[in-house]
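Structure below is start37.cif: mmCIF, C-alpha atoms.
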```cif
data_entry
loop_
_atom_site.label_atom_id
_atom_site.label_comp_id
_atom_site.auth_asym_id
_atom_site.auth_seq_id
_atom_site.Cartn_x
_atom_site.Cartn_y
_atom_site.Cartn_z
CA MET A 1 34.40 74.60 38.10
CA GLY A 2 33.45 72.15 40.85
CA VAL A 3 29.75 73.05 40.52
CA SER A 4 29.92 72.80 36.71
CA SER A 5 31.65 69.42 36.96
CA SER A 6 28.96 68.18 39.38
CA ILE A 7 26.19 69.30 37.05
CA LEU A 8 27.84 67.63 34.06
CA LEU A 9 28.43 64.46 36.07
CA TYR A 10 24.79 64.34 37.16
CA ARG A 11 23.41 65.09 33.69
CA ASN A 12 25.70 62.80 31.73
CA VAL A 13 26.21 59.91 34.16
CA GLN A 14 24.03 59.84 37.28
CA TYR A 15 20.74 60.82 35.57
CA PRO A 16 21.06 58.26 32.73
CA ILE A 17 21.95 55.56 35.29
CA LYS A 18 18.90 56.56 37.34
CA LYS A 19 16.68 56.25 34.24
CA LEU A 20 18.16 52.86 33.43
CA VAL A 21 17.64 51.57 36.99
CA SER A 22 14.06 52.91 36.98
CA GLY A 23 13.39 51.15 33.66
CA LEU A 24 14.79 47.87 34.97
CA GLN A 25 12.61 48.14 38.07
CA ARG A 26 9.48 48.62 35.91
CA VAL A 27 10.44 45.58 33.83
CA GLN A 28 10.92 43.61 37.05
CA GLN A 29 7.38 44.62 38.05
CA GLY A 30 6.01 43.29 34.76
CA ASP A 31 5.76 46.51 32.72
CA TYR A 32 7.44 45.45 29.47
CA SER A 33 6.11 48.44 27.55
CA VAL A 34 8.66 50.79 29.15
CA ARG A 35 11.07 52.48 26.71
CA LEU A 36 14.03 54.76 27.41
CA HIS A 37 14.97 57.73 25.23
CA SER A 38 17.99 60.00 25.12
CA ASN A 39 18.79 63.13 23.12
CA GLU A 40 22.52 62.53 23.52
CA GLN A 41 24.64 60.31 21.30
CA ASN A 42 26.89 58.53 23.79
CA GLU A 43 27.39 55.21 25.55
CA PHE A 44 24.13 55.60 27.49
CA SER A 45 22.09 56.16 24.34
CA PHE A 46 23.51 52.86 23.08
CA LEU A 47 22.51 51.17 26.36
CA PHE A 48 19.03 52.69 26.11
CA ARG A 49 18.56 51.29 22.59
CA ARG A 50 19.68 47.83 23.73
CA PHE A 51 17.34 48.09 26.74
CA ASN A 52 14.44 49.02 24.44
CA ASP A 53 15.23 46.07 22.16
CA MET A 54 15.33 43.75 25.17
CA SER A 55 11.98 45.04 26.52
CA HIS A 56 10.36 44.74 23.09
CA GLN A 57 11.59 41.18 22.61
CA ILE A 58 10.44 40.13 26.09
CA GLN A 59 7.04 41.75 25.48
CA ASP A 60 6.66 39.94 22.14
CA LEU A 61 7.70 36.63 23.70
CA ILE A 62 5.22 36.95 26.56
CA GLU A 63 2.41 37.96 24.19
CA ASN A 64 3.17 35.01 21.91
CA VAL A 65 3.12 32.58 24.83
CA PHE A 66 -0.08 34.17 26.12
CA ASN A 67 -1.71 33.94 22.69
CA GLU A 68 -0.70 30.29 22.39
CA LYS A 69 -2.27 29.62 25.77
CA ILE A 70 -5.51 31.31 24.67
CA ARG A 71 -5.51 29.33 21.43
CA ALA A 72 -4.97 26.09 23.35
CA ARG A 73 -7.85 26.93 25.68
CA GLU A 74 -10.03 27.88 22.71
CA ALA A 75 -9.27 24.48 21.17
CA THR A 76 -10.36 22.85 24.43
CA LEU A 77 -13.50 24.96 24.48
CA LYS A 78 -14.32 24.11 20.86
CA GLN A 79 -13.86 20.42 21.65
CA LEU A 80 -16.29 20.72 24.54
CA GLN A 81 -18.73 22.63 22.33
CA ALA A 82 -18.45 19.90 19.71
CA GLN A 83 -19.61 17.43 22.36
CA ILE A 84 -22.47 19.65 23.54
CA ASN A 85 -23.78 20.91 20.20
CA PRO A 86 -24.97 17.51 18.95
CA HIS A 87 -27.18 17.23 22.04
CA PHE A 88 -28.58 20.68 21.30
CA LEU A 89 -29.10 19.70 17.66
CA TYR A 90 -30.82 16.39 18.57
CA ASN A 91 -33.27 18.22 20.84
CA CYS A 92 -34.11 20.71 18.09
CA LEU A 93 -34.59 17.95 15.52
CA GLY A 94 -36.76 16.07 18.01
CA TYR A 95 -38.88 19.21 18.37
CA ILE A 96 -39.23 19.46 14.57
CA ILE A 97 -40.33 15.81 14.37
CA ASN A 98 -42.92 16.28 17.13
CA MET A 99 -44.33 19.45 15.57
CA ALA A 100 -44.45 17.81 12.14
CA GLN A 101 -46.43 14.91 13.61
CA MET A 102 -48.81 17.45 15.17
CA LYS A 103 -49.14 19.23 11.79
CA ASP A 104 -47.84 22.50 13.28
CA GLU A 105 -46.18 23.83 10.13
CA ASP A 106 -45.40 27.29 11.55
CA ALA A 107 -43.42 25.78 14.44
CA VAL A 108 -41.52 23.47 12.08
CA VAL A 109 -40.60 26.33 9.73
CA SER A 110 -39.59 28.65 12.59
CA MET A 111 -37.36 26.04 14.27
CA ALA A 112 -35.75 24.97 10.98
CA TYR A 113 -35.06 28.59 9.96
CA ASN A 114 -33.50 29.59 13.29
CA LEU A 115 -31.53 26.36 13.58
CA SER A 116 -30.11 26.79 10.07
CA ALA A 117 -29.09 30.43 10.73
CA TYR A 118 -27.62 29.50 14.13
CA TYR A 119 -25.36 26.74 12.76
CA ARG A 120 -24.41 28.73 9.67
CA TYR A 121 -22.98 31.44 11.92
CA THR A 122 -21.36 29.25 14.59
CA THR A 123 -19.57 27.03 12.09
CA ARG A 124 -18.01 29.92 10.16
CA MET A 125 -14.77 30.47 12.08
CA GLU A 126 -12.61 32.09 9.38
CA ARG A 127 -12.83 35.46 11.19
CA GLU A 128 -11.84 36.13 14.80
CA THR A 129 -14.18 39.12 15.14
CA ALA A 130 -17.65 40.13 14.02
CA SER A 131 -19.87 43.17 14.27
CA LEU A 132 -22.06 43.46 17.34
CA GLU A 133 -25.05 43.47 14.98
CA GLU A 134 -24.09 39.99 13.74
CA GLU A 135 -23.72 38.77 17.31
CA ILE A 136 -27.17 40.12 18.20
CA LYS A 137 -28.72 38.35 15.20
CA LEU A 138 -27.21 35.10 16.47
CA LEU A 139 -28.78 35.73 19.89
CA VAL A 140 -32.19 36.19 18.27
CA ASN A 141 -31.81 32.85 16.47
CA TYR A 142 -30.65 31.11 19.64
CA LEU A 143 -33.31 32.60 21.90
CA ASP A 144 -36.09 31.94 19.40
CA ILE A 145 -35.01 28.29 19.38
CA GLN A 146 -35.08 28.18 23.19
CA LYS A 147 -38.41 29.99 23.27
CA LEU A 148 -39.96 27.40 20.93
CA ARG A 149 -38.75 24.63 23.22
CA ASN A 150 -39.60 26.44 26.46
CA GLY A 151 -42.64 28.70 26.27
CA ARG A 152 -41.73 30.40 29.57
CA ILE A 153 -38.79 32.23 28.00
CA ASP A 154 -39.43 35.88 27.24
CA TYR A 155 -36.50 37.95 26.03
CA HIS A 156 -35.88 41.62 25.27
CA ILE A 157 -32.93 43.14 23.40
CA ASP A 158 -32.20 46.85 23.69
CA ILE A 159 -28.88 47.81 22.07
CA PRO A 160 -28.30 51.41 20.87
CA GLU A 161 -28.00 51.77 17.10
CA ASP A 162 -24.56 53.39 17.31
CA MET A 163 -23.13 50.32 19.07
CA LEU A 164 -24.11 47.78 16.42
CA SER A 165 -21.12 48.50 14.17
CA GLN A 166 -18.62 47.78 16.96
CA SER A 167 -16.22 44.89 16.29
CA VAL A 168 -16.22 42.23 19.02
CA PRO A 169 -14.82 38.69 19.41
CA ARG A 170 -17.00 36.15 17.59
CA LEU A 171 -19.37 34.21 19.87
CA MET A 172 -18.71 36.65 22.72
CA LEU A 173 -22.36 36.97 23.77
CA GLN A 174 -23.96 33.60 22.99
CA PRO A 175 -22.18 31.64 25.80
CA MET A 176 -23.25 34.32 28.30
CA VAL A 177 -26.89 34.13 27.16
CA GLU A 178 -26.75 30.34 27.14
CA ASN A 179 -25.53 30.53 30.73
CA SER A 180 -28.63 32.57 31.62
CA VAL A 181 -30.90 30.03 29.91
CA ILE A 182 -29.32 26.95 31.51
CA HIS A 183 -28.46 28.24 34.98
CA GLY A 184 -31.15 30.91 35.26
CA VAL A 185 -34.40 30.13 33.48
CA ALA A 186 -34.08 26.33 33.45
CA LYS A 187 -33.46 26.10 37.21
CA SER A 188 -36.71 27.80 38.24
CA TYR A 189 -40.29 27.19 37.12
CA SER A 190 -41.21 30.77 38.01
CA SER A 191 -38.47 32.50 35.96
CA GLY A 192 -38.18 33.04 32.26
CA GLU A 193 -37.18 36.64 31.55
CA ILE A 194 -33.88 37.44 29.81
CA LYS A 195 -32.81 40.97 28.92
CA ILE A 196 -29.83 42.04 26.81
CA SER A 197 -29.17 45.78 26.97
CA GLY A 198 -26.30 48.10 26.15
CA GLU A 199 -24.99 51.61 26.51
CA LYS A 200 -22.14 53.68 25.15
CA SER A 201 -20.58 56.41 27.31
CA ASN A 202 -17.26 57.91 28.44
CA GLY A 203 -15.27 56.03 25.81
CA PHE A 204 -16.64 52.60 26.78
CA CYS A 205 -19.29 50.19 25.53
CA ARG A 206 -21.25 48.16 28.07
CA ILE A 207 -23.54 45.20 27.54
CA TYR A 208 -25.67 43.73 30.32
CA ILE A 209 -27.17 40.24 30.18
CA ASP A 210 -29.81 39.82 32.89
CA ASP A 211 -32.09 37.00 33.95
CA ASP A 212 -34.66 36.56 36.72
CA GLY A 213 -33.39 33.15 37.82
CA PRO A 214 -32.07 32.15 41.26
CA GLY A 215 -28.72 33.94 40.76
CA LEU A 216 -25.72 33.58 43.10
CA ASN A 217 -25.15 34.71 46.67
CA PRO A 218 -22.56 37.47 47.37
CA ASP A 219 -19.80 35.00 48.28
CA GLN A 220 -20.30 33.02 45.06
CA LEU A 221 -20.27 36.21 42.97
CA GLU A 222 -17.08 37.40 44.66
CA ALA A 223 -15.39 34.03 44.06
CA LEU A 224 -16.45 33.99 40.39
CA ASN A 225 -15.19 37.54 39.76
CA ARG A 226 -11.92 36.72 41.53
CA LYS A 227 -11.36 33.72 39.27
CA MET A 228 -11.62 35.99 36.23
CA GLN A 229 -8.52 37.87 37.46
CA GLU A 230 -6.45 34.79 38.31
CA PRO A 231 -4.43 32.51 36.03
CA LEU A 232 -6.51 29.71 34.59
CA GLN A 233 -6.60 26.69 36.90
CA GLU A 234 -7.05 23.16 35.59
CA GLU A 235 -10.18 22.65 37.68
CA MET A 236 -11.72 25.93 36.51
CA GLY A 237 -14.18 25.95 33.62
CA CYS A 238 -12.43 27.69 30.73
CA GLY A 239 -15.49 29.17 28.96
CA LEU A 240 -16.00 32.32 31.04
CA TRP A 241 -12.30 32.81 31.74
CA ASN A 242 -11.43 32.42 28.09
CA THR A 243 -14.11 34.94 27.02
CA ASN A 244 -12.72 37.45 29.52
CA GLN A 245 -9.19 36.98 28.17
CA ARG A 246 -10.34 37.38 24.56
CA ILE A 247 -12.03 40.68 25.47
CA ILE A 248 -8.93 41.97 27.28
CA HIS A 249 -6.63 40.80 24.49
CA LEU A 250 -8.69 42.57 21.82
CA PHE A 251 -9.60 45.78 23.68
CA GLY A 252 -6.98 46.20 26.43
CA ASN A 253 -6.73 45.96 30.19
CA HIS A 254 -9.52 48.48 30.82
CA SER A 255 -12.00 45.95 29.41
CA SER A 256 -13.50 43.10 31.40
CA LEU A 257 -16.20 40.54 32.06
CA THR A 258 -17.81 40.85 35.50
CA PHE A 259 -20.79 39.34 37.33
CA LYS A 260 -23.31 41.09 39.60
CA PRO A 261 -26.82 40.72 41.01
CA SER A 262 -29.40 41.53 38.34
CA PRO A 263 -32.09 44.21 38.70
CA LEU A 264 -34.44 41.43 37.53
CA GLY A 265 -33.59 39.51 40.70
CA GLY A 266 -31.25 36.93 39.20
CA PHE A 267 -27.81 36.99 37.61
CA ARG A 268 -26.15 39.78 35.60
CA THR A 269 -23.22 39.42 33.22
CA GLU A 270 -21.57 42.76 32.44
CA ILE A 271 -19.24 43.06 29.46
CA ILE A 272 -17.23 46.29 29.24
CA TRP A 273 -14.76 47.27 26.56
CA GLU A 274 -12.88 50.44 25.69
CA ILE A 275 -13.91 51.93 22.35
CA PRO A 276 -10.88 51.55 20.04
CA THR A 277 -9.07 54.52 18.51
CA GLU A 278 -8.93 54.89 14.72
CA ASP A 279 -5.65 52.94 14.54
CA ASP A 280 -7.06 50.19 16.75
CA SER A 281 -10.26 50.08 14.66
CA TYR A 282 -8.15 49.47 11.54
CA LYS A 283 -6.46 46.52 13.26
CA LEU A 284 -9.85 45.10 14.26
CA LYS A 285 -11.03 45.30 10.65
CA GLU A 286 -7.95 43.32 9.66
CA HIS A 287 -9.07 40.65 12.14
CA GLN A 288 -12.43 40.63 10.39
CA GLY A 289 -10.80 40.14 7.02
CA ASP A 290 -12.07 43.48 5.62
#
```

Rewrite the structure from the file as structure tokens, please.
Amino acid sequence: MGVSSSILLYRNVQYPIKKLVSGLQRVQQGDYSVRLHSNEQNEFSFLFRRFNDMSHQIQDLIENVFNEKIRAREATLKQLQAQINPHFLYNCLGYIINMAQMKDEDAVVSMAYNLSAYYRYTTRMERETASLEEEIKLLVNYLDIQKLRNGRIDYHIDIPEDMLSQSVPRLMLQPMVENSVIHGVAKSYSSGEIKISGEKSNGFCRIYIDDDGPGLNPDQLEALNRKMQEPLQEEMGCGLWNTNQRIIHLFGNHSSLTFKPSPLGGFRTEIIWEIPTEDDSYKLKEHQGD
């Protein structure tokens, strides 16, 4: 009877308390996805349900605060882009005027076409996501504009066909490519090559953006990658950090934005995201408005 009583005490009291303490410890460590389950209908099953409700509410609250922070940073980023884009537009219009005066009709038509397509896409913000194919088309427009203005630029895009239908955050790639143009190609008279490539393997999609510019030294790369994992600081530029957070928010914690030395000799941006399951893909299509 003593052994039976001990077993019953452990199963009905000590074990549920141990589960509850373990769940509270995981919540304390920041794991708000933990849920407790019980096959018994007793006081502990009631406590487990209340614990699950508490964890769910805390998780929702943290996600809402996090999403508000991302939206606030996106508003800041859009404000900065609104200040930069006119300068970009003025330069393109100046190019069109110069080419028109030189009677170079092909250059005028090419710049006007790419500029129109570029702004048509960037100003349509009704959807949070887009297909990778749409993002690549935007890169072609952007890089053709830069190539018209700077004849040294030579770009190559090699993305597998089966990746093009993937849903990604809108304007995920263009800021990374713009970074290669401004901080890679433009800072060296001997550089000019930009390569965008991708691969799909082991449940992940990877995109690499390479340039042959001056790049960063190992300490600078380490510091930049470290900043991607830290909370956003006021003195930190929000563009790269915000893009990284959008990728993680859409695809999960196994996805990331990292920076490495490029095989071309300059700077590499590596974007990795986990391929969504069927349920996740349905949610992404809802983001797209399908």

Exercise. Out of A:Gln229, A:Gln29, A:Thr269, A:Ser165, which residue has the shortest atom-to-atom distance to Asp211 in chain A when counting all atoms listed in the file?
Worked result: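 Among the listed residues, the smallest separation from Asp211 in chain A belongs to A:Thr269.
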
Exercise. So what does the PyMOL selection byres ((chain A and resi 130) around 7) actually pick up in this one, as a list in words?
Worked result: Thr129, Ser131, Leu132, Glu134, Ser167, Val168, Pro169, Arg170 and Gln288 of chain A

For this session: Place a sphere of radius 8 Å on (-33.5, 40.0, 39.3) in the file coordinates and name every protein, DNA or RNA residue with an atom inside or on its surface, counting all atoms listed in the file; give the answer as a list in words.
Result: Asp210, Asp211, Asp212, Gly213, Gly215, Pro261, Ser262, Pro263, Leu264, Gly265, Gly266 and Phe267 of chain A

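CA of Arg206 in chain A is positioned 4.6 Å from CA of Ile272 in chain A.
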
Problem set entry | Separation of CA of Ile58 in chain A from CA of Asp31 in chain A, in Å and rounded to one decimal |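 Separation between CA of Ile58 in chain A and CA of Asp31 in chain A: 10.3 Å.
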
Exercise. So how far away is CA of Asn242 in chain A from CA of Gln146 in chain A, in Å?
Worked result: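 CA of Asn242 in chain A lies 24.5 Å from CA of Gln146 in chain A.
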
For this session: Fewer than 6 positions away in the same chain doesn't count, so skip those; otherwise give me all residues within 6 Å of Ser197 in chain A, counting all atoms listed in the file, as a list in words.
Result: Ile157, Asp158, Ile159, Ile207 and Tyr208 of chain A

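Counting all atoms listed in the file and comparing A:Lys195, A:Lys227, A:Arg120, A:His183, the residue that lies closest to Asp154 in chain A is A:Lys195.
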
For this session: For Asn244 in chain A, list every protein, DNA or RNA residue within 10 Å, evaluated using only C-alpha atoms, and leave out those in the same chain fewer than 5 positions away; present the list as a PyMOL selection string.
Result: chain A and resi 172+228-229+238-239+249+255-258+271-272

Could you turn the residues from that selection into a file that holds C-alpha atoms, as a PDB file, keeping the file's coordinate frame?
```pdb
ATOM      1  CA  MET A 172     -18.710  36.650  22.720  1.00  0.00           C
ATOM      2  CA  MET A 228     -11.620  35.990  36.230  1.00  0.00           C
ATOM      3  CA  GLN A 229      -8.520  37.870  37.460  1.00  0.00           C
ATOM      4  CA  CYS A 238     -12.430  27.690  30.730  1.00  0.00           C
ATOM      5  CA  GLY A 239     -15.490  29.170  28.960  1.00  0.00           C
ATOM      6  CA  HIS A 249      -6.630  40.800  24.490  1.00  0.00           C
ATOM      7  CA  SER A 255     -12.000  45.950  29.410  1.00  0.00           C
ATOM      8  CA  SER A 256     -13.500  43.100  31.400  1.00  0.00           C
ATOM      9  CA  LEU A 257     -16.200  40.540  32.060  1.00  0.00           C
ATOM     10  CA  THR A 258     -17.810  40.850  35.500  1.00  0.00           C
ATOM     11  CA  ILE A 271     -19.240  43.060  29.460  1.00  0.00           C
ATOM     12  CA  ILE A 272     -17.230  46.290  29.240  1.00  0.00           C
TER      13      ILE A 272
END
```

Problem set entry | Pick from A:Tyr15, A:Tyr119, A:Tyr90, A:Tyr142, whichever lies nearest to Pro175 in chain A using only C-alpha atoms |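 Smallest separation from Pro175 in chain A among the options: A:Tyr142.
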
Exercise. Excluding same-chain residues fewer than 4 positions from Met163 in chain A, what lies within 9 Å of it counting all atoms listed in the file, as a ChimeraX atom specification?
Worked result: /A:132-133,159,198-200,205

Identify all residues satisfying the PyMOL selection byres ((chain A and resi 38) around 12) in the given file; provide them as a PDB file with C-alpha atoms, in the coordinates of the input.
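Saved file result_37.pdb follows:
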```
ATOM      1  CA  ARG A  11      23.410  65.090  33.690  1.00  0.00           C
ATOM      2  CA  ASN A  12      25.700  62.800  31.730  1.00  0.00           C
ATOM      3  CA  TYR A  15      20.740  60.820  35.570  1.00  0.00           C
ATOM      4  CA  PRO A  16      21.060  58.260  32.730  1.00  0.00           C
ATOM      5  CA  ILE A  17      21.950  55.560  35.290  1.00  0.00           C
ATOM      6  CA  LYS A  19      16.680  56.250  34.240  1.00  0.00           C
ATOM      7  CA  LEU A  20      18.160  52.860  33.430  1.00  0.00           C
ATOM      8  CA  ARG A  35      11.070  52.480  26.710  1.00  0.00           C
ATOM      9  CA  LEU A  36      14.030  54.760  27.410  1.00  0.00           C
ATOM     10  CA  HIS A  37      14.970  57.730  25.230  1.00  0.00           C
ATOM     11  CA  ASN A  39      18.790  63.130  23.120  1.00  0.00           C
ATOM     12  CA  GLU A  40      22.520  62.530  23.520  1.00  0.00           C
ATOM     13  CA  GLN A  41      24.640  60.310  21.300  1.00  0.00           C
ATOM     14  CA  ASN A  42      26.890  58.530  23.790  1.00  0.00           C
ATOM     15  CA  GLU A  43      27.390  55.210  25.550  1.00  0.00           C
ATOM     16  CA  PHE A  44      24.130  55.600  27.490  1.00  0.00           C
ATOM     17  CA  SER A  45      22.090  56.160  24.340  1.00  0.00           C
ATOM     18  CA  PHE A  46      23.510  52.860  23.080  1.00  0.00           C
ATOM     19  CA  LEU A  47      22.510  51.170  26.360  1.00  0.00           C
ATOM     20  CA  PHE A  48      19.030  52.690  26.110  1.00  0.00           C
ATOM     21  CA  ARG A  49      18.560  51.290  22.590  1.00  0.00           C
ATOM     22  CA  ASN A  52      14.440  49.020  24.440  1.00  0.00           C
TER      23      ASN A  52
END
```
